[in-house]
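A.B. asks: mmCIF, C-alpha atoms, saved as coords-v5.cif, coming up:
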data_target
#
loop_
_atom_site.label_atom_id
_atom_site.label_comp_id
_atom_site.auth_asym_id
_atom_site.auth_seq_id
_atom_site.Cartn_x
_atom_site.Cartn_y
_atom_site.Cartn_z
CA MET A 1 57.22 137.90 128.28
CA LYS A 2 58.15 135.52 125.44
CA ARG A 3 57.03 131.92 125.19
CA SER A 4 58.24 129.13 122.97
CA LEU A 5 56.79 128.86 119.47
CA ILE A 6 55.14 125.56 120.37
CA ALA A 7 53.45 127.08 123.39
CA ILE A 8 52.31 130.08 121.36
CA THR A 9 50.80 127.84 118.70
CA LEU A 10 48.96 125.71 121.24
CA LEU A 11 47.61 128.74 123.04
CA SER A 12 46.26 130.17 119.80
CA LEU A 13 44.30 126.98 119.17
CA ILE A 14 42.40 126.83 122.45
CA SER A 15 39.45 128.97 123.46
CA THR A 16 40.70 130.06 126.88
CA PRO A 17 41.66 133.76 126.68
CA ILE A 18 45.36 134.54 127.03
CA ILE A 19 47.05 137.82 127.87
CA ALA A 20 48.14 140.15 125.11
CA LYS A 21 51.82 139.67 124.36
CA GLU A 22 54.57 139.11 121.84
CA PHE A 23 54.59 136.30 119.28
CA VAL A 24 57.75 135.27 117.42
CA ILE A 25 56.42 133.70 114.23
CA THR A 26 59.69 133.45 112.28
CA ASP A 27 63.19 133.02 113.66
CA ALA A 28 65.91 132.16 111.15
CA GLN A 29 68.53 131.66 113.84
CA ALA A 30 66.38 128.98 115.46
CA ALA A 31 65.28 127.70 112.01
CA THR A 32 61.62 127.99 113.03
CA ASP A 33 58.44 129.35 111.49
CA VAL A 34 54.85 128.84 112.65
CA GLY A 35 53.48 128.59 109.08
CA ASN A 36 49.75 129.21 108.87
CA TRP A 37 48.88 131.05 112.09
CA HIS A 38 46.11 133.16 113.60
CA ILE A 39 45.45 135.25 116.68
CA ASP A 40 42.52 137.54 117.42
CA ASN A 41 41.03 139.72 120.12
CA LYS A 42 38.80 136.93 121.46
CA ALA A 43 41.76 134.65 122.11
CA LEU A 44 43.41 137.51 123.97
CA GLY A 45 40.33 138.49 125.96
CA ILE A 46 40.10 141.96 124.39
CA ASP A 47 36.82 143.63 123.46
CA LYS A 48 38.23 145.52 120.44
CA THR A 49 37.78 143.58 117.19
CA PHE A 50 40.99 142.64 115.39
CA SER A 51 42.93 139.67 114.06
CA VAL A 52 46.38 138.86 112.75
CA THR A 53 46.72 135.92 110.35
CA GLN A 54 49.76 134.51 108.60
CA ARG A 55 49.14 132.41 105.49
CA VAL A 56 51.66 130.53 103.40
CA LEU A 57 51.09 130.76 99.64
CA HIS A 58 51.45 127.84 97.23
CA GLY A 59 51.87 127.36 93.49
CA GLY A 60 53.72 129.24 90.81
CA LYS A 61 56.27 131.90 91.70
CA GLN A 62 54.47 132.68 94.96
CA ALA A 63 55.35 129.29 96.46
CA GLY A 64 56.51 129.65 100.04
CA VAL A 65 55.66 133.34 100.40
CA ARG A 66 54.39 134.40 103.84
CA VAL A 67 51.62 137.01 103.96
CA ILE A 68 50.40 138.53 107.21
CA ASP A 69 46.86 139.96 107.11
CA ILE A 70 46.17 142.49 109.86
CA ASP A 71 42.45 143.20 110.25
CA ASN A 72 41.90 146.04 112.72
CA GLY A 73 38.12 146.02 112.42
CA VAL A 74 37.87 148.77 109.78
CA MET A 75 40.86 148.03 107.55
CA THR A 76 42.88 145.04 106.37
CA ILE A 77 46.61 145.35 105.67
CA SER A 78 48.40 142.56 103.81
CA LEU A 79 52.08 142.53 104.76
CA ILE A 80 54.77 140.41 103.06
CA PRO A 81 57.65 139.32 105.34
CA THR A 82 59.11 137.29 102.46
CA ARG A 83 59.52 140.48 100.41
CA GLY A 84 61.28 142.83 102.80
CA MET A 85 58.17 143.50 104.92
CA ASN A 86 56.55 145.22 101.92
CA ILE A 87 52.80 145.90 101.88
CA PHE A 88 50.81 144.18 99.15
CA GLU A 89 47.54 146.07 99.59
CA VAL A 90 45.27 147.77 102.09
CA LYS A 91 41.46 147.57 101.97
CA SER A 92 38.87 149.62 103.83
CA GLY A 93 35.26 149.67 102.62
CA ASP A 94 35.29 150.58 98.93
CA ILE A 95 38.81 152.01 99.08
CA ARG A 96 41.80 149.91 98.09
CA LEU A 97 45.35 151.10 98.46
CA GLY A 98 47.31 149.26 95.81
CA TRP A 99 47.18 148.73 92.08
CA ASP A 100 46.77 146.11 89.36
CA SER A 101 50.15 145.09 88.00
CA PRO A 102 50.60 142.58 85.18
CA VAL A 103 52.47 140.63 87.90
CA LYS A 104 49.56 138.87 89.63
CA GLU A 105 51.33 136.55 92.07
CA ILE A 106 53.23 137.75 95.12
CA VAL A 107 56.58 136.58 93.79
CA ASN A 108 59.05 134.74 95.99
CA PRO A 109 62.43 136.52 95.77
CA SER A 110 64.03 133.18 94.92
CA PHE A 111 62.53 133.63 91.43
CA ILE A 112 63.88 137.17 90.98
CA GLU A 113 67.18 137.90 89.22
CA LEU A 114 67.78 141.56 90.04
CA GLU A 115 70.51 142.01 87.43
CA SER A 116 68.51 140.58 84.50
CA ARG A 117 67.38 142.96 81.72
CA ASN A 118 70.38 145.18 82.49
CA GLY A 119 69.36 145.60 86.10
CA LEU A 120 65.57 145.71 85.68
CA GLY A 121 64.85 142.27 87.16
CA TRP A 122 63.18 143.96 90.16
CA LEU A 123 60.16 144.58 87.90
CA ASP A 124 59.45 140.82 87.72
CA GLY A 125 57.97 141.03 91.22
CA PHE A 126 56.70 144.61 91.35
CA ASN A 127 53.02 144.76 92.32
CA GLU A 128 52.95 146.05 95.90
CA MET A 129 51.22 149.03 97.43
CA MET A 130 54.43 149.88 99.29
CA VAL A 131 57.91 148.57 98.58
CA ARG A 132 61.10 149.64 100.31
CA CYS A 133 63.80 150.62 97.82
CA GLY A 134 67.29 150.52 99.33
CA PHE A 135 69.15 150.32 101.62
CA GLU A 136 72.65 150.11 100.16
CA TRP A 137 71.41 151.88 97.03
CA THR A 138 68.21 152.83 95.23
CA GLY A 139 67.18 154.42 91.95
CA HIS A 140 67.45 153.51 88.30
CA PRO A 141 69.82 150.76 87.23
CA GLY A 142 73.24 151.60 85.90
CA VAL A 143 76.96 151.36 86.48
CA ASP A 144 78.25 153.29 89.49
CA ASP A 145 81.50 155.26 89.54
CA ASP A 146 83.41 152.16 90.66
CA GLY A 147 82.10 150.04 87.78
CA GLN A 148 79.55 148.11 89.86
CA LEU A 149 76.16 147.45 88.26
CA LEU A 150 73.46 148.79 90.56
CA SER A 151 70.16 147.06 89.88
CA LEU A 152 66.85 148.92 90.03
CA HIS A 153 65.86 150.09 93.52
CA GLY A 154 68.23 147.97 95.55
CA ARG A 155 67.81 144.62 97.26
CA VAL A 156 65.83 145.03 100.48
CA GLY A 157 62.42 144.61 98.81
CA ASN A 158 63.47 141.15 97.63
CA THR A 159 65.04 140.00 100.90
CA PRO A 160 63.00 137.79 103.27
CA ALA A 161 62.80 138.87 106.89
CA SER A 162 64.93 136.65 109.16
CA THR A 163 62.88 137.35 112.28
CA VAL A 164 59.21 138.33 112.39
CA ILE A 165 57.49 139.40 115.59
CA VAL A 166 53.84 140.27 116.25
CA ASP A 167 53.32 142.41 119.33
CA ILE A 168 49.90 143.31 120.71
CA ALA A 169 49.75 145.82 123.56
CA GLU A 170 48.12 144.60 126.75
CA GLN A 171 46.25 147.85 127.38
CA ALA A 172 44.00 150.11 125.32
CA PRO A 173 44.20 151.10 122.52
CA TYR A 174 45.74 147.61 122.00
CA THR A 175 48.25 148.74 119.40
CA ILE A 176 49.31 146.01 116.97
CA THR A 177 52.93 146.02 115.82
CA VAL A 178 54.45 143.67 113.27
CA LYS A 179 58.19 144.00 112.81
CA GLY A 180 60.79 142.06 110.90
CA ALA A 181 64.58 141.99 110.78
CA VAL A 182 65.93 142.22 107.23
CA TYR A 183 69.65 141.95 106.57
CA GLU A 184 71.80 143.29 103.74
CA LYS A 185 75.19 141.69 104.18
CA THR A 186 77.89 141.33 101.54
CA PHE A 187 81.49 140.35 102.20
CA LYS A 188 83.78 143.36 101.68
CA LYS A 189 80.77 145.63 101.04
CA ASN A 190 78.16 146.31 103.72
CA ASP A 191 76.66 144.87 106.90
CA TYR A 192 73.20 146.37 107.45
CA GLU A 193 70.41 145.35 109.78
CA VAL A 194 66.96 146.80 109.16
CA TRP A 195 64.13 146.40 111.65
CA ALA A 196 61.09 147.17 109.51
CA GLY A 197 57.96 147.77 111.53
CA LEU A 198 54.28 148.48 110.93
CA THR A 199 51.95 149.73 113.65
CA VAL A 200 48.17 150.00 113.59
CA VAL A 201 45.50 150.69 116.19
CA PRO A 202 42.20 148.75 116.14
CA GLY A 203 39.38 150.88 114.72
CA GLU A 204 41.60 153.49 113.05
CA LYS A 205 41.98 154.05 109.30
CA SER A 206 45.68 154.84 109.40
CA PHE A 207 48.89 152.92 109.95
CA SER A 208 52.51 153.84 110.50
CA LEU A 209 55.89 152.51 109.44
CA HIS A 210 58.87 152.72 111.73
CA ASP A 211 62.15 151.41 110.32
CA GLN A 212 65.54 151.36 111.98
CA LEU A 213 68.72 150.91 109.94
CA THR A 214 71.89 149.91 111.80
CA ASN A 215 75.38 149.71 110.33
CA LEU A 216 76.80 146.59 111.99
CA GLY A 217 80.10 146.92 110.13
CA ASP A 218 83.38 148.58 111.09
CA TYR A 219 83.38 151.12 108.26
CA GLU A 220 81.30 154.11 107.27
CA ASN A 221 79.13 153.38 104.25
CA GLU A 222 76.58 154.98 101.97
CA TYR A 223 72.86 154.25 102.24
CA GLN A 224 69.69 155.27 100.40
CA ILE A 225 66.00 154.58 100.86
CA ILE A 226 62.82 155.39 98.91
CA TYR A 227 59.40 154.39 100.24
CA HIS A 228 57.74 153.56 96.93
CA SER A 229 53.98 153.71 97.73
CA ASN A 230 51.69 153.04 94.76
CA TYR A 231 48.03 153.66 94.01
CA GLY A 232 45.67 152.72 91.20
CA GLN A 233 41.89 152.68 90.98
CA PRO A 234 39.67 153.80 92.65
CA LEU A 235 41.82 156.72 93.84
CA LEU A 236 43.66 157.15 90.55
CA GLU A 237 41.44 158.25 87.67
CA GLU A 238 41.14 160.99 85.09
CA GLY A 239 40.93 164.24 87.03
CA ALA A 240 42.63 162.90 90.16
CA LYS A 241 45.13 165.27 91.75
CA PHE A 242 48.37 165.16 93.73
CA SER A 243 49.20 167.86 96.27
CA ALA A 244 51.91 168.65 98.81
CA PRO A 245 53.55 171.73 100.33
CA ILE A 246 56.15 172.31 97.63
CA LYS A 247 59.38 174.28 97.83
CA GLU A 248 60.75 173.06 94.51
CA VAL A 249 59.57 170.76 91.72
CA SER A 250 61.56 169.66 88.69
CA PRO A 251 61.16 167.17 85.84
CA PHE A 252 63.10 163.94 86.26
CA ASN A 253 64.09 163.78 82.58
CA GLN A 254 63.25 165.25 79.20
CA ARG A 255 60.14 163.07 78.92
CA ALA A 256 58.69 164.86 81.97
CA VAL A 257 59.52 168.37 80.73
CA GLY A 258 56.59 168.35 78.32
CA GLU A 259 54.03 167.96 81.12
CA MET A 260 55.30 170.56 83.57
CA ASN A 261 52.11 172.61 83.09
CA ARG A 262 50.01 169.70 84.39
CA TRP A 263 52.55 167.68 86.33
CA ASN A 264 50.29 167.09 89.39
CA GLN A 265 47.16 166.12 87.41
CA TYR A 266 46.29 162.68 86.12
CA ALA A 267 44.96 161.40 82.82
CA ALA A 268 42.72 158.44 82.09
CA PRO A 269 44.41 155.17 81.10
CA THR A 270 46.37 156.07 77.97
CA VAL A 271 47.95 153.79 75.38
CA ASP A 272 51.72 154.33 75.09
CA TYR A 273 51.78 156.86 77.94
CA ASP A 274 54.68 155.08 79.66
CA GLU A 275 55.68 157.25 82.64
CA THR A 276 56.65 160.70 83.85
CA VAL A 277 58.50 161.44 87.07
CA TYR A 278 58.94 164.62 89.11
CA ASN A 279 61.42 165.57 91.83
CA ILE A 280 60.01 167.50 94.79
CA VAL A 281 61.60 169.29 97.72
CA PRO A 282 58.74 169.70 100.22
CA TYR A 283 58.23 172.37 102.82
CA ALA A 284 57.72 171.11 106.38
CA ASP A 285 56.25 172.40 109.62
CA SER A 286 58.33 173.59 112.57
CA ASN A 287 58.97 169.98 113.60
CA GLY A 288 60.15 168.92 110.16
CA LYS A 289 56.93 167.03 109.35
CA THR A 290 55.21 167.22 105.99
CA LEU A 291 52.60 165.32 104.00
CA ALA A 292 51.42 164.57 100.49
CA MET A 293 47.98 163.60 99.21
CA LEU A 294 46.40 161.84 96.27
CA GLU A 295 42.69 162.57 95.88
CA ASN A 296 40.16 161.30 93.37
CA LYS A 297 38.29 163.54 90.92
CA ARG A 298 35.33 164.13 93.24
CA GLY A 299 37.57 164.96 96.15
CA ASP A 300 35.80 162.54 98.45
CA LYS A 301 38.43 159.78 98.60
CA GLY A 302 42.19 159.87 98.98
CA ILE A 303 45.36 158.85 100.74
CA ALA A 304 47.58 161.06 102.86
CA VAL A 305 51.25 160.18 103.40
CA SER A 306 53.03 162.04 106.19
CA PHE A 307 56.76 161.81 106.89
CA ASP A 308 59.71 163.48 108.57
CA THR A 309 61.86 165.59 106.24
CA LYS A 310 64.79 165.34 108.65
CA GLN A 311 64.84 161.63 107.82
CA LEU A 312 63.44 161.72 104.27
CA PRO A 313 64.18 165.14 102.77
CA VAL A 314 62.87 164.67 99.21
CA LEU A 315 59.84 163.27 97.45
CA THR A 316 59.41 161.59 94.07
CA MET A 317 56.06 161.66 92.26
CA TRP A 318 55.73 158.90 89.64
CA LYS A 319 52.94 158.98 87.04
CA ASN A 320 52.39 155.78 85.09
CA THR A 321 48.94 156.32 83.58
CA ASP A 322 49.33 153.58 81.00
CA THR A 323 46.54 151.13 80.14
CA LEU A 324 44.78 149.20 82.91
CA LYS A 325 46.37 145.91 81.87
CA GLN A 326 49.84 147.42 81.50
CA GLY A 327 49.68 149.04 84.94
CA TYR A 328 47.68 152.21 85.68
CA VAL A 329 49.42 153.55 88.77
CA THR A 330 51.00 156.52 90.48
CA GLY A 331 53.68 156.59 93.15
CA ILE A 332 54.15 158.91 96.13
CA GLU A 333 57.72 158.23 97.20
CA PRO A 334 59.39 159.94 100.19
CA GLY A 335 63.09 159.22 100.38
CA THR A 336 66.64 160.20 101.14
CA SER A 337 67.13 160.33 97.39
CA TYR A 338 65.40 160.71 94.06
CA ALA A 339 65.11 157.88 91.54
CA TYR A 340 68.32 158.67 89.67
CA ASN A 341 71.12 156.13 89.74
CA ARG A 342 73.31 156.60 92.80
CA LYS A 343 76.27 157.99 90.84
CA TYR A 344 74.23 161.03 89.80
CA GLN A 345 72.98 161.80 93.29
CA ARG A 346 76.26 162.29 95.14
CA GLU A 347 76.64 165.73 93.56
CA LEU A 348 73.05 166.50 94.61
CA GLY A 349 73.93 165.72 98.22
CA LEU A 350 71.42 162.87 98.27
CA VAL A 351 73.67 159.92 99.14
CA PRO A 352 74.01 160.06 102.94
CA LYS A 353 76.44 157.97 104.97
CA ILE A 354 76.04 155.90 108.10
CA LYS A 355 78.90 155.42 110.57
CA PRO A 356 79.88 152.11 112.20
CA GLY A 357 77.32 151.24 114.87
CA GLU A 358 75.14 154.20 113.91
CA GLN A 359 71.36 153.92 113.61
CA LYS A 360 69.03 155.81 111.30
CA THR A 361 65.25 155.81 111.74
CA PHE A 362 62.49 156.43 109.22
CA ASP A 363 58.87 157.18 110.15
CA LEU A 364 55.84 157.48 107.87
CA THR A 365 52.08 157.44 108.40
CA PHE A 366 49.45 156.51 105.80
CA THR A 367 45.88 157.72 106.37
CA ILE A 368 42.86 156.66 104.33
CA LEU A 369 40.63 159.62 103.47
CA ASP A 370 37.10 158.30 102.98
CA SER A 371 35.05 161.51 102.88
CA LYS A 372 35.10 164.97 101.37
CA GLU A 373 35.64 166.38 104.85
CA ALA A 374 38.73 164.24 105.38
CA VAL A 375 40.17 165.29 102.01
CA GLN A 376 39.47 168.96 102.71
CA LYS A 377 41.05 168.74 106.16
CA THR A 378 44.23 167.29 104.64
CA ALA A 379 44.22 169.92 101.89
CA GLN A 380 44.04 172.61 104.57
CA ALA A 381 46.95 171.03 106.47
CA ILE A 382 49.00 171.12 103.26
CA ALA A 383 48.02 174.76 102.69
CA ASP A 384 49.01 175.62 106.24
CA ILE A 385 52.49 174.18 105.76
CA GLN A 386 52.80 175.93 102.39
CA GLY A 387 51.81 179.14 104.15
CA GLY A 388 51.96 181.22 100.99
CA LYS A 389 55.64 180.46 100.49
CA PRO A 390 56.79 180.41 96.86
CA ILE A 391 57.11 177.33 94.68
CA ALA A 392 60.21 177.08 92.52
CA VAL A 393 59.22 175.34 89.27
CA LEU A 394 62.33 174.22 87.40
CA GLU A 395 61.97 173.68 83.67
CA THR A 396 65.01 171.44 83.24
CA PRO A 397 66.00 168.16 84.95
CA LEU A 398 68.47 168.18 87.84
CA VAL A 399 70.54 165.56 86.01
CA ASN A 400 71.48 165.48 82.36
CA LEU A 401 70.81 161.82 81.64
CA PRO A 402 72.43 160.14 78.65
#
Show me this structure written as structure tokens.

C.D. replies:
Amino acid sequence: MKRSLIAITLLSLISTPIIAKEFVITDAQAATDVGNWHIDNKALGIDKTFSVTQRVLHGGKQAGVRVIDIDNGVMTISLIPTRGMNIFEVKSGDIRLGWDSPVKEIVNPSFIELESRNGLGWLDGFNEMMVRCGFEWTGHPGVDDDGQLLSLHGRVGNTPASTVIVDIAEQAPYTITVKGAVYEKTFKKNDYEVWAGLTVVPGEKSFSLHDQLTNLGDYENEYQIIYHSNYGQPLLEEGAKFSAPIKEVSPFNQRAVGEMNRWNQYAAPTVDYDETVYNIVPYADSNGKTLAMLENKRGDKGIAVSFDTKQLPVLTMWKNTDTLKQGYVTGIEPGTSYAYNRKYQRELGLVPKIKPGEQKTFDLTFTILDSKEAVQKTAQAIADIQGGKPIAVLETPLVNLP
């Protein structure tokens, strides 16, 4: 049952327990937003420790940005409704999912010009642990076949959510869901609605994304999505390793060809390293599910990313082991597409279409691995999916870039 925003705010300020329920904290249609806001298990009369807090940032380019911190008792997730429901960082004990970008503020999209620097303006706000890249297009900037300039990685990551809802289940395990409606609408172009959701259970060191894309228009259109998840220290270090059940791996460009013999291994921070990128077609289990893992050198910490290959058939692995100040980071990026500009991916069969009224769903789960046993268990799951099947290692890029 929904209540008015005023009633919700008042209830959150008094000590009398209230039933678990749904909170609408932003509603563009009603021109309302609760601003700084907090709810926790005590206010809801629940004996599992958790809290959900929205804070409004001030100063600099972060002015007006909303951040929602979800503390489930063992992990804190910082979600950014103002930036397409992206995730800024996740912290659990001495493990941090995220990285240190030269961009220190959580930048309000109003300060981003996506087409600046020949379509690289997206980088002016890039510092998140997970950013959605899409949905009308994704990939490197460039001019499409019709002459349109496609900026880096699309627009959704710089689009504020129009509606944000926090839902807390009334019964154990008291699942917390935060979802936001993000719209990509352009006259004569596309009319997309994306419900971007994050779900977490109190006491668990994993969380899931569930996104639903709907074509509200009257015409079939193309779509693309990459879930650009990014990790720096302490997981990324010299000797860290990436693994996945791999059917095929190829270098993204000529720069990556030179490292094919060590493509899944990481170097220490390196001056002038820049980046290398690899295209992966993963194997999946009988249900179409697969996973990828980044583990540290000791093999006692890591992150596992599981996803559905029927929804997200390919995987990009991005290595940017530049200096710490420049941005020492790697990306594990499930998607419908690789990071090439859209015009190159049609021939690869990686620019799907969505019919009028049709819905597409995307599901991913991120699990923190905080012990050698957890890392080994994930490594075994990857080996089981691989099942001794061959890996095709291509020596040349899929696309001959200019």

A.B. asks: Apply the PyMOL selection byres ((chain A and resi 329) around 9) to the structure shown and report the selected residues as number ranges by chain.

C.D. replies: A: 98-101, 230-233, 236, 318-322, 324, 327-328, 330-331

A.B. asks: Quick one, how far is atom CA of A:Ala63 from atom CA of A:Thr177?

C.D. replies: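 So the answer is 25.7 Å.
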
A.B. asks: I'd like the residues picked by the PyMOL selection byres ((chain A and resi 104-107) around 10) written out as a PDB file with C-alpha atoms, keeping the file's coordinate frame, using the chain letters and numbers from the file.

C.D. replies:
ATOM      1  CA  LEU A  57      51.090 130.760  99.640  1.00  0.00           C
ATOM      2  CA  GLY A  59      51.870 127.360  93.490  1.00  0.00           C
ATOM      3  CA  GLY A  60      53.720 129.240  90.810  1.00  0.00           C
ATOM      4  CA  LYS A  61      56.270 131.900  91.700  1.00  0.00           C
ATOM      5  CA  GLN A  62      54.470 132.680  94.960  1.00  0.00           C
ATOM      6  CA  ALA A  63      55.350 129.290  96.460  1.00  0.00           C
ATOM      7  CA  GLY A  64      56.510 129.650 100.040  1.00  0.00           C
ATOM      8  CA  VAL A  65      55.660 133.340 100.400  1.00  0.00           C
ATOM      9  CA  ARG A  66      54.390 134.400 103.840  1.00  0.00           C
ATOM     10  CA  VAL A  67      51.620 137.010 103.960  1.00  0.00           C
ATOM     11  CA  ILE A  80      54.770 140.410 103.060  1.00  0.00           C
ATOM     12  CA  THR A  82      59.110 137.290 102.460  1.00  0.00           C
ATOM     13  CA  ARG A  83      59.520 140.480 100.410  1.00  0.00           C
ATOM     14  CA  PHE A  88      50.810 144.180  99.150  1.00  0.00           C
ATOM     15  CA  ASP A 100      46.770 146.110  89.360  1.00  0.00           C
ATOM     16  CA  SER A 101      50.150 145.090  88.000  1.00  0.00           C
ATOM     17  CA  PRO A 102      50.600 142.580  85.180  1.00  0.00           C
ATOM     18  CA  VAL A 103      52.470 140.630  87.900  1.00  0.00           C
ATOM     19  CA  ASN A 108      59.050 134.740  95.990  1.00  0.00           C
ATOM     20  CA  PRO A 109      62.430 136.520  95.770  1.00  0.00           C
ATOM     21  CA  SER A 110      64.030 133.180  94.920  1.00  0.00           C
ATOM     22  CA  PHE A 111      62.530 133.630  91.430  1.00  0.00           C
ATOM     23  CA  ILE A 112      63.880 137.170  90.980  1.00  0.00           C
ATOM     24  CA  ASP A 124      59.450 140.820  87.720  1.00  0.00           C
ATOM     25  CA  GLY A 125      57.970 141.030  91.220  1.00  0.00           C
ATOM     26  CA  PHE A 126      56.700 144.610  91.350  1.00  0.00           C
ATOM     27  CA  ASN A 127      53.020 144.760  92.320  1.00  0.00           C
ATOM     28  CA  GLU A 128      52.950 146.050  95.900  1.00  0.00           C
ATOM     29  CA  ASN A 158      63.470 141.150  97.630  1.00  0.00           C
TER      30      ASN A 158
END

A.B. asks: Enter the distance from atom CA of A:Trp137 to atom CA of A:Leu152, in Å, rounded to one decimal.

C.D. replies: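 If I compute the distance from atom CA of A:Trp137 to atom CA of A:Leu152, I get 8.9 Å.
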
A.B. asks: I want to know what sits within 8 Å of stretch 383-392 of chain A, based on only C-alpha atoms, with residues of the same chain fewer than 4 positions away left out; could you give that as number ranges by chain?

C.D. replies: A: 245-249, 283-285, 290, 379

A.B. asks: Enter the distance from atom CA of A:Ala161 to atom CA of A:Leu114, in Å, rounded to one decimal.

C.D. replies: 17.8 Å

A.B. asks: Taking the file above as input, evaluate the PyMOL selection byres ((chain A and resi 198-211) around 8) and report the hits as a PyMOL selection string.

C.D. replies: chain A and resi 48-50+72-75+92+173-179+194-197+212-213+361-368

A.B. asks: Go ahead and save the residues from that selection, with C-alpha atoms, as a PDB file, in the coordinates of the input.

C.D. replies:
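And here is the file that came out, again06.pdb:
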ATOM      1  CA  LYS A  48      38.230 145.520 120.440  1.00  0.00           C
ATOM      2  CA  THR A  49      37.780 143.580 117.190  1.00  0.00           C
ATOM      3  CA  PHE A  50      40.990 142.640 115.390  1.00  0.00           C
ATOM      4  CA  ASN A  72      41.900 146.040 112.720  1.00  0.00           C
ATOM      5  CA  GLY A  73      38.120 146.020 112.420  1.00  0.00           C
ATOM      6  CA  VAL A  74      37.870 148.770 109.780  1.00  0.00           C
ATOM      7  CA  MET A  75      40.860 148.030 107.550  1.00  0.00           C
ATOM      8  CA  SER A  92      38.870 149.620 103.830  1.00  0.00           C
ATOM      9  CA  PRO A 173      44.200 151.100 122.520  1.00  0.00           C
ATOM     10  CA  TYR A 174      45.740 147.610 122.000  1.00  0.00           C
ATOM     11  CA  THR A 175      48.250 148.740 119.400  1.00  0.00           C
ATOM     12  CA  ILE A 176      49.310 146.010 116.970  1.00  0.00           C
ATOM     13  CA  THR A 177      52.930 146.020 115.820  1.00  0.00           C
ATOM     14  CA  VAL A 178      54.450 143.670 113.270  1.00  0.00           C
ATOM     15  CA  LYS A 179      58.190 144.000 112.810  1.00  0.00           C
ATOM     16  CA  VAL A 194      66.960 146.800 109.160  1.00  0.00           C
ATOM     17  CA  TRP A 195      64.130 146.400 111.650  1.00  0.00           C
ATOM     18  CA  ALA A 196      61.090 147.170 109.510  1.00  0.00           C
ATOM     19  CA  GLY A 197      57.960 147.770 111.530  1.00  0.00           C
ATOM     20  CA  GLN A 212      65.540 151.360 111.980  1.00  0.00           C
ATOM     21  CA  LEU A 213      68.720 150.910 109.940  1.00  0.00           C
ATOM     22  CA  THR A 361      65.250 155.810 111.740  1.00  0.00           C
ATOM     23  CA  PHE A 362      62.490 156.430 109.220  1.00  0.00           C
ATOM     24  CA  ASP A 363      58.870 157.180 110.150  1.00  0.00           C
ATOM     25  CA  LEU A 364      55.840 157.480 107.870  1.00  0.00           C
ATOM     26  CA  THR A 365      52.080 157.440 108.400  1.00  0.00           C
ATOM     27  CA  PHE A 366      49.450 156.510 105.800  1.00  0.00           C
ATOM     28  CA  THR A 367      45.880 157.720 106.370  1.00  0.00           C
ATOM     29  CA  ILE A 368      42.860 156.660 104.330  1.00  0.00           C
TER      30      ILE A 368
END

A.B. asks: For A:Gln148, which residue out of A:Leu294, A:Arg342, A:Glu89, A:Gly258 is the nearest one, using only C-alpha atoms?

C.D. replies: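 Counting only C-alpha atoms, the residue closest to A:Gln148 is A:Arg342.
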
A.B. asks: What's around stretch 163-168 of chain A at 9 Å? Count all atoms listed in the file, leave out sequence neighbours fewer than 2 positions away in its own chain, and write the answer as a list of chain:residue names.

C.D. replies: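 The residues satisfying every condition are A:Ala20, A:Lys21, A:Glu22, A:Phe23, A:Val24, A:Ile25, A:Thr26, A:Asp27, A:Ala28, A:Gln29, A:Val52, A:Pro81, A:Ala161, A:Glu170, A:Gln171, A:Tyr174, A:Thr175, A:Ile176, A:Thr177, A:Val178, A:Lys179, A:Gly180, A:Ala181, A:Val182.
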
A.B. asks: Based on the selection just made, write C-alpha atoms of those residues as a PDB file, keeping the file's coordinate frame.

C.D. replies:
ATOM      1  CA  ALA A  20      48.140 140.150 125.110  1.00  0.00           C
ATOM      2  CA  LYS A  21      51.820 139.670 124.360  1.00  0.00           C
ATOM      3  CA  GLU A  22      54.570 139.110 121.840  1.00  0.00           C
ATOM      4  CA  PHE A  23      54.590 136.300 119.280  1.00  0.00           C
ATOM      5  CA  VAL A  24      57.750 135.270 117.420  1.00  0.00           C
ATOM      6  CA  ILE A  25      56.420 133.700 114.230  1.00  0.00           C
ATOM      7  CA  THR A  26      59.690 133.450 112.280  1.00  0.00           C
ATOM      8  CA  ASP A  27      63.190 133.020 113.660  1.00  0.00           C
ATOM      9  CA  ALA A  28      65.910 132.160 111.150  1.00  0.00           C
ATOM     10  CA  GLN A  29      68.530 131.660 113.840  1.00  0.00           C
ATOM     11  CA  VAL A  52      46.380 138.860 112.750  1.00  0.00           C
ATOM     12  CA  PRO A  81      57.650 139.320 105.340  1.00  0.00           C
ATOM     13  CA  ALA A 161      62.800 138.870 106.890  1.00  0.00           C
ATOM     14  CA  GLU A 170      48.120 144.600 126.750  1.00  0.00           C
ATOM     15  CA  GLN A 171      46.250 147.850 127.380  1.00  0.00           C
ATOM     16  CA  TYR A 174      45.740 147.610 122.000  1.00  0.00           C
ATOM     17  CA  THR A 175      48.250 148.740 119.400  1.00  0.00           C
ATOM     18  CA  ILE A 176      49.310 146.010 116.970  1.00  0.00           C
ATOM     19  CA  THR A 177      52.930 146.020 115.820  1.00  0.00           C
ATOM     20  CA  VAL A 178      54.450 143.670 113.270  1.00  0.00           C
ATOM     21  CA  LYS A 179      58.190 144.000 112.810  1.00  0.00           C
ATOM     22  CA  GLY A 180      60.790 142.060 110.900  1.00  0.00           C
ATOM     23  CA  ALA A 181      64.580 141.990 110.780  1.00  0.00           C
ATOM     24  CA  VAL A 182      65.930 142.220 107.230  1.00  0.00           C
TER      25      VAL A 182
END

A.B. asks: Pick out the closest residue to A:Leu79 from this set: A:Pro352, A:Pro160, A:Gly134, A:Gly119. Count all atoms listed in the file.

C.D. replies: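 Of all the options, A:Pro160 lies closest to A:Leu79.
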